[in-house]
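Taking it in order: structure first as structure tokens, then the write-up.
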Amino acid sequence: MTELKNLVKSLLEEGKVTKVIGYRMYGENNTKPYIAVTPNDAEEMVLNTDCRNNLSVYLTKKEIINGGKTGIVAKGCDIRNIIALIQENRIKEEDILIISAECKGVGAEKGSAVYANKCVNCSVKTPHLYHELVEMKGSELSQPKDKYTEAKEKVLAMNSGERFEYFSNMFSECIKCYACRQACPMCYCEQCIADMSIPRWIESSATDRGNLSWNMIRAFHLSGRCTGCNECERACPAEIPLSFINKLMYDTAKEEFNYESGMNKETPTLIGSYNTKDNDNFIQ
Amino acid sequence: MENIYKPYLMEIAEIIPETKDTATFKLKFKDPEIASVFNFKAGQFAEYSVFGEGECTFCIASSPTRMEYIECSFKEAGKVTAALNRMNVGETIGFRGPYGNYFPVEEMKGSNVVFISGGIGLAPVRCVIDNVLDLRDEFKDITIIYGARSVQDLVYKNLLDEWQKRSDVKTIVTVDPGGETPDWKGEIGFVPTVVEKASLKAENTFAIICGPPIMIKYTMPVLLKLGFEESKIITTLENRMKCGFGKCGRCNIGNVYVCKDGPVFTYEQMKALPEEY
Amino acid sequence: MEEKRITKENLIKLGSNWVNDGMNVYVNNGKKYTLMKLHEEDLKGFEEAPPLMSYKEIVFPKTEPILYYKKSQKEVEIIEPKIGGVKNIVIGAKPCDAKSISIMSKVFNWDYKDSFFNVRAEESVIIGMACKYNDEHCFCTSVGISPVSTDGSDLFLIPLANDNFGVRIISDKGKELISKYESYFTNGDSEESENVLSSIPIPEKKFNAENVKSWLDKNFESEFWNTTAEMCLGCSQCAFVCPVCHCFDIVDEDYSFTEGRRMKNWDACQNGLFTKHASGHNPRDKQPKRYRQRVSHKFKYYKDKFDEYLCTGCGRCSRGCPAGIDIGEIVERIDKLTN
Amino acid sequence: MQTEKKTVNQFEPKVIAFVCNWCTYTGADLAGTSRIKYQPNVKLIKLPCTGRIDPVFIIKAFEKGADGVLVSGCHPGDCHYNAGNYHARRRWIMFRKMLETMGIDSNRLHFSWVSASEGKKFTEVVNDLINKVRAAGPFKSYEKINKEYVIND
């Protein structure tokens with residue numbers, strides 16, 4: 001297996017890619033996204049258990065993806081997003097070169113001793129679409145507490161009025177910065193429905209009503225598309241547990257359609273396709 | 001508590017459709033007390049609001065020498081202008097202002113004045129034209145050059161006629177080539193070309209220019225070639241605004257706030273600004 | 001300077017007392033400035049990082065109505081909202097946060113005076129606290145604040161041994177606030193406090209802000225901007241968590257065809273729609289331009305206009321940035337360019 | 001007498017129906033021309049196809065005070081645009097589940113297939129929904145958060 005730095009260096013030298021989106025160190029126990037353009041830039045590339053970012057979000061930015069083949073360092077979970085983007089015809093596989101590794105999981109936050117929540121029950125530690133393979137560095141961490149199942153049970157035990165209250169309280173913290181949208185690799189619309197003003201579908205004020213409809217629509221627009229990378233939650237300055245509602249929708253897609261996004265680039269997307277035998281029992 | 005965001009209420013007294021997507025509103029203050037004390041200077045702008053839709057910014061198009069009505073002209077572009085376009089005579093809108101600086105009408109006294117404008121850009125120029133014409137004796141030669149894409153796109157047609165009839169004003173109206181109708185009697189050609197041919201005297205002359213960015217871009221060199229002083233070429237800038245008084249932080253060009261330090265700038269001032277408008 | 005002493009237990013009790021009196025009390029619990037409920041919150045934050053969000057919300061809410069309207073076919077009635085009347089108290093404000101109100105007050109009182117801000121600022125009492133935290137994102141000393149500065153605080157807490165606090169009375173507002181509650185305090189020992197304060201290491205300046213400004217004066221157009229924020233996602237969290245970012249949006253919201261309100265909402269320059277005209281033209285159409293605006297506003301424009309840096313060096317924006325962009329690091333790089 | 005008095009004070013639900021132009025709307029027309037009565041609490045909004053019914057419409061309807069929402073279109077296989085209703089159905093499965101989890105009772109949101117010839121079925125569907133909503137009472141969840149939009153001095 002080649003060393004990441006050497007690999008990136010040779011890819012750039014040989015002109016196989018024009019740039020590589022990867023990670024570099026950012027203080028101790030932390031990394032940040034980075035674009036290597038010249039072979040010398042490759043020196044700073046790292047891939048370790050502190051590489052929390054999902055870099056596939058940069059593949060949705062025209063300024064970055066345009067202008068030649070783009071290399072990208074991606075963990076298994078990030079590859080799911082890349083596949084989902086390919087499934088949705090957002091990017092073409094031939095335009096990118098995926099550098100991946102057998103994933104060791106990433107830490108929850110800087111200096112954390114536990115894995116991030118997204119690493120729990122991860123099914124793609126072994127990458128499922130890649131062009132080059134390298135080694136991921138880092139030591140083993142411990143498993144985090146499973147907050148999701150607990151919260152899900154709590155919500156399912158509530159009646160509808162209580163649930164509404166629960167979620168409107170949860171989202172009342174929202175400050176409408178839309179960081180969740182910007183950090184999400186699947187939120188690539190040219191114009192988001194939240195920014196549309198004629199008519200104004202989603203009120204832009206961070207009031208309970210506007211917050212609730214924004215978060216409902218965000219979750220719905222990602223249902224069947226979200227791969228559970230939790231970038232939204234990581235970006236959220238108000239610390240709203242966005243992954244909870246995302247995961248609920250993820251589970252629904254799995255239960256109803258046995259569909260998981262970003263697993264196979266040949267599968268049509270969930271919402272973009274249909275089956276005449278889809279469940280009909282709730283329709284009068 | 002004084003609420004600086006609270007608009008005055010104004011009644012739409014008259015709606016004059018100008019072109020397909022532009023209209024002029026004549027507005028009257030609901031509160032006669034405010035009407036009696038309200039004052040502004042040529043070139044200032046205001047925030048007009050449709051309740052339930054929002055606020056938008058444009059200049060006061062009428063002259064401060066004619067205070068019977070406040071007039072505004074706008075082109076349908078976004079949410080609020082579209083809502084304004086749906087309104088009828090007698091309905092109420094909000095009005096916040098006046099804000100910003102103004103054209104140096106006092107300073108211009110005793111000089112020649114050339115007005116150059118294109119499209120809906122005539123609106124901010126018109127208030128100065130009216131202002132100057134009402135004080136006609138205090139100015140020397142006055143020239144008005146106005147151009148639009150086509151005959152249908154000309155605004156203030158009545159005023160144009162009025163100005164053309166006056167002997168103490170030289171008025172040139174032009175349309176872009178291809179925009180003329182068979183019975184069009186004015187000039188045909190782009191504004192910069194017309195300006196070049198208009199035999200303007202640059203000495204002791206103020207040029208007031210307003211219109212689409214592309215027109216300004218090509219007219220400026222012409223004016224400079226003709227020998228106009230940079231400090232006497234005056235234009236207005238616009239940027240997206242929300243508050244109108246230097247709080248909301250979006251209209252700045254470098255450290256100049258268009259809403260406070262503008263919207264009227266001389267070419268000399270404009271040259272010093274970073275290119276971010 | 002007058003100094004008193006209070007135990008942590010008494011301070012929390014005092015806070016509860018204020019809550020009982022109908023005031024909004026925010027406590028720095030080490031993670032957040034939380035609205036205090038009776039006896040529940042713990043006061044932390046001496047050694048912790050600045051809370052994720054600043055408390056600028058008490059003077060400049062994330063969303064607030066500026067007017068209500070009722071309309072009929074032809075008539076409109078404007079109803080003004082009632083604001084104020086509730087005292088806001090922040091216990092344990094970081095020195096970098098404490099300065100925020102006085103910095104923002106300049107823009108909100110420039111020419112036109114924004115009463116929404118002023119009424120709230122007048123009714124806020126900031127109880128600052130010395131700070132022992134310092135990480136790679138902190139740079140308060142570079143913008144003229146220090147971990148022990150009392151600027152902007154009305155009262156200032158100094159953590160002493162055994163869960164005691166030295167309380168310095170900085171302003172009349174602070175003095176008035178505690179005047180009714182003398183029994184919670186004992187006499188202070190300024191020497192002991194002074195020892196604690198002098199034991200707090202003052203971080204070295206990371207950059208010279210004046211140099212940065214003079215570089216910004218000359219380099220509006222520079223290659224530098226294209227390479228600084230290329231990883232920026234435009235998520236605006238930096239502006240929303242910032243204690244001094246004050247840009248806002250004004251929008252109307254209807255409740256029905258005849259009733260509704262006009263809102264003043266937080267907005268951010270990193271958002272692409274921030275400067276987009278209705279015509280579609282956008283003066284800041286690319287992320288580098290927006291990032292340039294952010295840095296220039298903080299270190300040049302505000303300084304030019306109001307003689308104050310629009311930054312308190314709290315480092316929140318950098319700590320929370322999902323793309324790992326650190327404004328301190330960028331400004332440091334600018335400073336190095338000037339040498 | 002007593003029952004009559006009760007009906008006067010009874011809560012009258014507001015129901016919004018998003019219907020497709022080709023089937024349900026025509027079906028509703030048929031109900032009208034056939035003079036089949038249904039309760040007047042429903043307001044119809046016609047859209048080209050069920051595939052055009054964006055879930056944001058439904059959220060907006062609840063937000064603005066609807067007590068119940070009906071979404072109705074062509075039977076599977078009958079779509080004027082071939083597959084609009086199949087796509088819509090998939091979306092609804094996800095959306096319904098989401099609203100249910102977030103506390104919008106599924107009694108308030110109905111889906112149905114009503115063809116152009118099913119005027120009778122349309123009235124049944126509408127009456128059924130209105131009765132259910134009436135039994136469930138007014139939709140209070142949004143009421144609390146909507147209150148702040150108006151000020152009374």
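Lettering and numbering for the structure tokens are positional, with chains as A, B, ... in the shown order, residues counted from 1 in each chain, and ligands counted from 1 in the shown order.
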
From range 92-331 of chain C, collect each residue whose DSSP state is helix (DSSP H, G or I) and return the set as a VMD selection string.
chain C and resid 95 to 98 100 to 108 115 to 122 140 to 143 172 to 179 182 to 184 190 to 199 209 to 218 223 to 228 237 to 241 272 to 275 287 to 306 316 to 320 327 to 331

Within 10 Å of chain A, which residues of chain B show up? Give each one with its shortest atom-to-atom distance in Å (one decimal) and the two atoms involved, counting only C-alpha atoms, rows by chain then rising residue number, as CSV.
```
residue,atom,partner,partner_atom,distance
B:Glu53,CA,A:Arg200,CA,9.2
B:Gly78,CA,A:Ile198,CA,8.0
B:Lys79,CA,A:Ile198,CA,5.9
B:Val80,CA,A:Ile198,CA,9.4
B:Ala82,CA,A:Ile198,CA,9.4
```

In range 210-270 of chain B, DSSP strand (DSSP E or B) residues written as a list in words:
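Matching residues for strand (DSSP E or B) in range 210-270 of chain B are Cys210, Ile233, Ile234, Thr235, Thr236, Asn252, Ile253, Val256, Tyr257, Val264, Phe265 and Thr266 of chain B.
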
What's the separation between CA of Ala229 in chain C and CA of Ile325 in chain C, in Å to one decimal place?
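Interatomic distance, CA of Ala229 in chain C to CA of Ile325 in chain C: 7.2 Å.
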
Near Asn54 in chain A, within 12 Å and counting only C-alpha atoms, which residues show up once chain neighbours fewer than 3 positions away are dropped, as a VMD selection string?
(chain A and resid 21 to 23 31 to 34 50 to 51 57 to 59 72 to 82 106 118 183 to 186 227 to 232 234 to 235) or (chain C and resid 322 to 323)

Go ahead and write the residues just picked, N, CA, C and O atoms, as a short mmCIF file (atom, residue, chain, number, x, y, z; two decimals), in the first residue's frame.
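Below is the file part-v5.cif, written as the result:
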```
data_model
loop_
_atom_site.label_atom_id
_atom_site.label_comp_id
_atom_site.auth_asym_id
_atom_site.auth_seq_id
_atom_site.Cartn_x
_atom_site.Cartn_y
_atom_site.Cartn_z
N ILE A 21 -8.53 16.99 -2.98
CA ILE A 21 -9.15 17.51 -1.77
C ILE A 21 -8.83 16.53 -0.65
O ILE A 21 -9.15 15.35 -0.76
N GLY A 22 -8.18 17.03 0.38
CA GLY A 22 -7.81 16.12 1.46
C GLY A 22 -7.79 16.83 2.80
O GLY A 22 -8.44 17.86 2.97
N TYR A 23 -7.07 16.26 3.74
CA TYR A 23 -7.00 16.84 5.08
C TYR A 23 -5.57 17.24 5.39
O TYR A 23 -4.63 16.63 4.89
N THR A 31 -7.91 18.09 12.33
CA THR A 31 -7.52 18.27 10.93
C THR A 31 -8.49 19.25 10.30
O THR A 31 -9.54 19.53 10.85
N LYS A 32 -8.10 19.75 9.15
CA LYS A 32 -9.05 20.57 8.40
C LYS A 32 -8.93 20.30 6.92
O LYS A 32 -7.90 19.82 6.45
N PRO A 33 -9.98 20.61 6.17
CA PRO A 33 -9.94 20.34 4.74
C PRO A 33 -8.89 21.18 4.04
O PRO A 33 -8.56 22.27 4.50
N TYR A 34 -8.44 20.69 2.92
CA TYR A 34 -7.26 21.26 2.29
C TYR A 34 -7.27 20.83 0.84
O TYR A 34 -7.65 19.70 0.53
N ASP A 50 -8.61 11.68 13.15
CA ASP A 50 -9.13 13.02 13.42
C ASP A 50 -9.74 13.67 12.18
O ASP A 50 -10.09 14.84 12.20
N CYS A 51 -9.82 12.89 11.10
CA CYS A 51 -10.37 13.45 9.87
C CYS A 51 -11.89 13.36 9.89
O CYS A 51 -12.48 12.46 9.29
N VAL A 57 -18.65 17.29 0.29
CA VAL A 57 -19.43 18.53 0.11
C VAL A 57 -18.73 19.45 -0.90
O VAL A 57 -19.39 20.19 -1.63
N TYR A 58 -17.42 19.37 -0.98
CA TYR A 58 -16.70 20.24 -1.92
C TYR A 58 -16.92 19.81 -3.37
O TYR A 58 -16.69 20.60 -4.28
N LEU A 59 -17.35 18.57 -3.55
CA LEU A 59 -17.60 18.13 -4.93
C LEU A 59 -18.84 18.79 -5.51
O LEU A 59 -19.08 18.76 -6.71
N ILE A 72 -10.00 13.02 -4.41
CA ILE A 72 -10.61 13.30 -3.10
C ILE A 72 -10.28 12.18 -2.13
O ILE A 72 -10.35 11.00 -2.48
N VAL A 73 -9.88 12.58 -0.94
CA VAL A 73 -9.62 11.61 0.11
C VAL A 73 -10.95 11.35 0.81
O VAL A 73 -11.58 12.29 1.28
N ALA A 74 -11.37 10.10 0.81
CA ALA A 74 -12.70 9.82 1.36
C ALA A 74 -12.69 8.55 2.19
O ALA A 74 -12.11 7.54 1.81
N LYS A 75 -13.34 8.64 3.35
CA LYS A 75 -13.56 7.46 4.17
C LYS A 75 -14.79 6.75 3.62
O LYS A 75 -15.52 7.30 2.79
N GLY A 76 -15.05 5.57 4.10
CA GLY A 76 -16.20 4.81 3.61
C GLY A 76 -17.49 5.61 3.63
O GLY A 76 -18.26 5.62 2.66
N CYS A 77 -17.73 6.31 4.75
CA CYS A 77 -18.99 7.05 4.87
C CYS A 77 -19.05 8.20 3.86
O CYS A 77 -20.11 8.54 3.35
N ASP A 78 -17.87 8.79 3.58
CA ASP A 78 -17.85 9.88 2.61
C ASP A 78 -18.10 9.35 1.20
O ASP A 78 -18.71 10.02 0.37
N ILE A 79 -17.62 8.12 0.97
CA ILE A 79 -17.84 7.51 -0.34
C ILE A 79 -19.33 7.33 -0.58
O ILE A 79 -19.82 7.47 -1.70
N ARG A 80 -20.06 7.06 0.49
CA ARG A 80 -21.52 6.94 0.32
C ARG A 80 -22.10 8.21 -0.25
O ARG A 80 -23.00 8.18 -1.10
N ASN A 81 -21.60 9.36 0.21
CA ASN A 81 -22.10 10.62 -0.33
C ASN A 81 -21.68 10.81 -1.78
O ASN A 81 -22.44 11.31 -2.59
N ILE A 82 -20.45 10.39 -2.07
CA ILE A 82 -19.99 10.53 -3.45
C ILE A 82 -20.88 9.68 -4.35
O ILE A 82 -21.33 10.12 -5.42
N VAL A 106 -13.61 7.73 13.30
CA VAL A 106 -13.06 9.03 13.68
C VAL A 106 -13.55 9.42 15.06
O VAL A 106 -14.60 8.97 15.52
N LYS A 118 -21.58 8.79 14.13
CA LYS A 118 -21.79 8.19 12.83
C LYS A 118 -21.01 6.89 12.67
O LYS A 118 -21.31 6.09 11.79
N ALA A 183 -23.22 22.76 5.06
CA ALA A 183 -22.24 21.72 5.34
C ALA A 183 -22.67 20.38 4.75
O ALA A 183 -21.89 19.44 4.72
N CYS A 184 -23.90 20.29 4.30
CA CYS A 184 -24.43 19.00 3.84
C CYS A 184 -24.04 18.73 2.39
O CYS A 184 -24.31 19.53 1.51
N PRO A 185 -23.43 17.57 2.13
CA PRO A 185 -23.06 17.25 0.75
C PRO A 185 -24.28 17.04 -0.15
O PRO A 185 -24.17 17.14 -1.37
N MET A 186 -25.42 16.74 0.45
CA MET A 186 -26.60 16.46 -0.37
C MET A 186 -27.45 17.72 -0.58
O MET A 186 -28.41 17.69 -1.33
N THR A 227 -27.09 10.14 4.10
CA THR A 227 -26.32 8.93 4.35
C THR A 227 -25.89 8.84 5.81
O THR A 227 -25.20 7.92 6.20
N GLY A 228 -26.26 9.84 6.58
CA GLY A 228 -25.93 9.81 8.01
C GLY A 228 -24.52 10.25 8.33
O GLY A 228 -23.92 9.75 9.27
N CYS A 229 -23.98 11.19 7.57
CA CYS A 229 -22.60 11.62 7.84
C CYS A 229 -22.52 12.61 9.00
O CYS A 229 -21.45 12.91 9.49
N ASN A 230 -23.69 13.15 9.39
CA ASN A 230 -23.77 14.03 10.57
C ASN A 230 -22.99 15.33 10.46
O ASN A 230 -22.65 15.93 11.48
N GLU A 231 -22.70 15.76 9.24
CA GLU A 231 -22.01 17.03 9.10
C GLU A 231 -22.89 18.18 9.56
O GLU A 231 -22.42 19.15 10.10
N CYS A 232 -24.20 18.05 9.33
CA CYS A 232 -25.14 19.10 9.74
C CYS A 232 -25.05 19.33 11.24
O CYS A 232 -24.99 20.45 11.71
N ARG A 234 -22.62 18.55 13.20
CA ARG A 234 -21.31 19.07 13.59
C ARG A 234 -21.22 20.57 13.32
O ARG A 234 -20.60 21.31 14.05
N ALA A 235 -21.87 21.01 12.23
CA ALA A 235 -21.79 22.42 11.87
C ALA A 235 -22.72 23.29 12.71
O ALA A 235 -22.51 24.48 12.83
N PRO C 322 -16.95 24.50 10.51
CA PRO C 322 -16.92 23.13 10.02
C PRO C 322 -15.80 22.91 9.00
O PRO C 322 -15.44 21.77 8.73
N ALA C 323 -15.27 23.99 8.43
CA ALA C 323 -14.21 23.81 7.45
C ALA C 323 -12.85 24.15 8.03
O ALA C 323 -11.86 24.22 7.31
#
```

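Nearest-residue note for Phe103 in chain B: choosing from B:Gly121, B:Gly54, B:Gly43, B:Pro192, the minimum distance belongs to B:Gly43, counting only C-alpha atoms.
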
Using only C-alpha atoms, what does the table of chain D residues within 8 Å of chain A look like, with each row giving the shortest atom pair and its distance in Å to one decimal, sorted by chain and ascending number, as JSON lines?
```
{"residue": "D:Pro55", "atom": "CA", "partner": "A:Ile217", "partner_atom": "CA", "distance": 7.9}
{"residue": "D:Val56", "atom": "CA", "partner": "A:Ile217", "partner_atom": "CA", "distance": 6.8}
{"residue": "D:Ile59", "atom": "CA", "partner": "A:Ser213", "partner_atom": "CA", "distance": 6.9}
{"residue": "D:Lys60", "atom": "CA", "partner": "A:Trp201", "partner_atom": "CA", "distance": 7.2}
{"residue": "D:Glu63", "atom": "CA", "partner": "A:Arg209", "partner_atom": "CA", "distance": 7.4}
{"residue": "D:Pro76", "atom": "CA", "partner": "A:Thr276", "partner_atom": "CA", "distance": 7.6}
{"residue": "D:Tyr86", "atom": "CA", "partner": "A:Tyr274", "partner_atom": "CA", "distance": 6.0}
{"residue": "D:His87", "atom": "CA", "partner": "A:Tyr274", "partner_atom": "CA", "distance": 5.7}
{"residue": "D:Arg89", "atom": "CA", "partner": "A:Asp278", "partner_atom": "CA", "distance": 7.7}
{"residue": "D:Arg90", "atom": "CA", "partner": "A:Ile271", "partner_atom": "CA", "distance": 6.6}
{"residue": "D:Arg91", "atom": "CA", "partner": "A:Ile271", "partner_atom": "CA", "distance": 6.5}
{"residue": "D:Ile93", "atom": "CA", "partner": "A:Asn279", "partner_atom": "CA", "distance": 7.8}
{"residue": "D:Met94", "atom": "CA", "partner": "A:Thr252", "partner_atom": "CA", "distance": 6.9}
{"residue": "D:Phe95", "atom": "CA", "partner": "A:Phe220", "partner_atom": "CA", "distance": 6.7}
{"residue": "D:Lys97", "atom": "CA", "partner": "A:Thr252", "partner_atom": "CA", "distance": 7.4}
{"residue": "D:Met98", "atom": "CA", "partner": "A:Met249", "partner_atom": "CA", "distance": 6.9}
{"residue": "D:Glu100", "atom": "CA", "partner": "A:Ser160", "partner_atom": "CA", "distance": 7.3}
{"residue": "D:Thr101", "atom": "CA", "partner": "A:Arg163", "partner_atom": "CA", "distance": 7.0}
{"residue": "D:Met102", "atom": "CA", "partner": "A:Phe164", "partner_atom": "CA", "distance": 5.5}
{"residue": "D:Gly103", "atom": "CA", "partner": "A:Ser160", "partner_atom": "CA", "distance": 4.0}
{"residue": "D:Ile104", "atom": "CA", "partner": "A:Ser160", "partner_atom": "CA", "distance": 6.1}
{"residue": "D:Asp105", "atom": "CA", "partner": "A:Ser160", "partner_atom": "CA", "distance": 5.9}
{"residue": "D:His110", "atom": "CA", "partner": "A:Ile283", "partner_atom": "CA", "distance": 7.3}
{"residue": "D:Phe111", "atom": "CA", "partner": "A:Ile283", "partner_atom": "CA", "distance": 4.9}
{"residue": "D:Ser112", "atom": "CA", "partner": "A:Gln284", "partner_atom": "CA", "distance": 4.3}
{"residue": "D:Trp113", "atom": "CA", "partner": "A:Gln284", "partner_atom": "CA", "distance": 6.4}
{"residue": "D:Val125", "atom": "CA", "partner": "A:Gln284", "partner_atom": "CA", "distance": 7.4}
{"residue": "D:Ser141", "atom": "CA", "partner": "A:Gly161", "partner_atom": "CA", "distance": 6.5}
{"residue": "D:Tyr142", "atom": "CA", "partner": "A:Arg209", "partner_atom": "CA", "distance": 7.8}
{"residue": "D:Ile145", "atom": "CA", "partner": "A:Asp208", "partner_atom": "CA", "distance": 6.2}
{"residue": "D:Asn146", "atom": "CA", "partner": "A:Arg209", "partner_atom": "CA", "distance": 7.2}
```
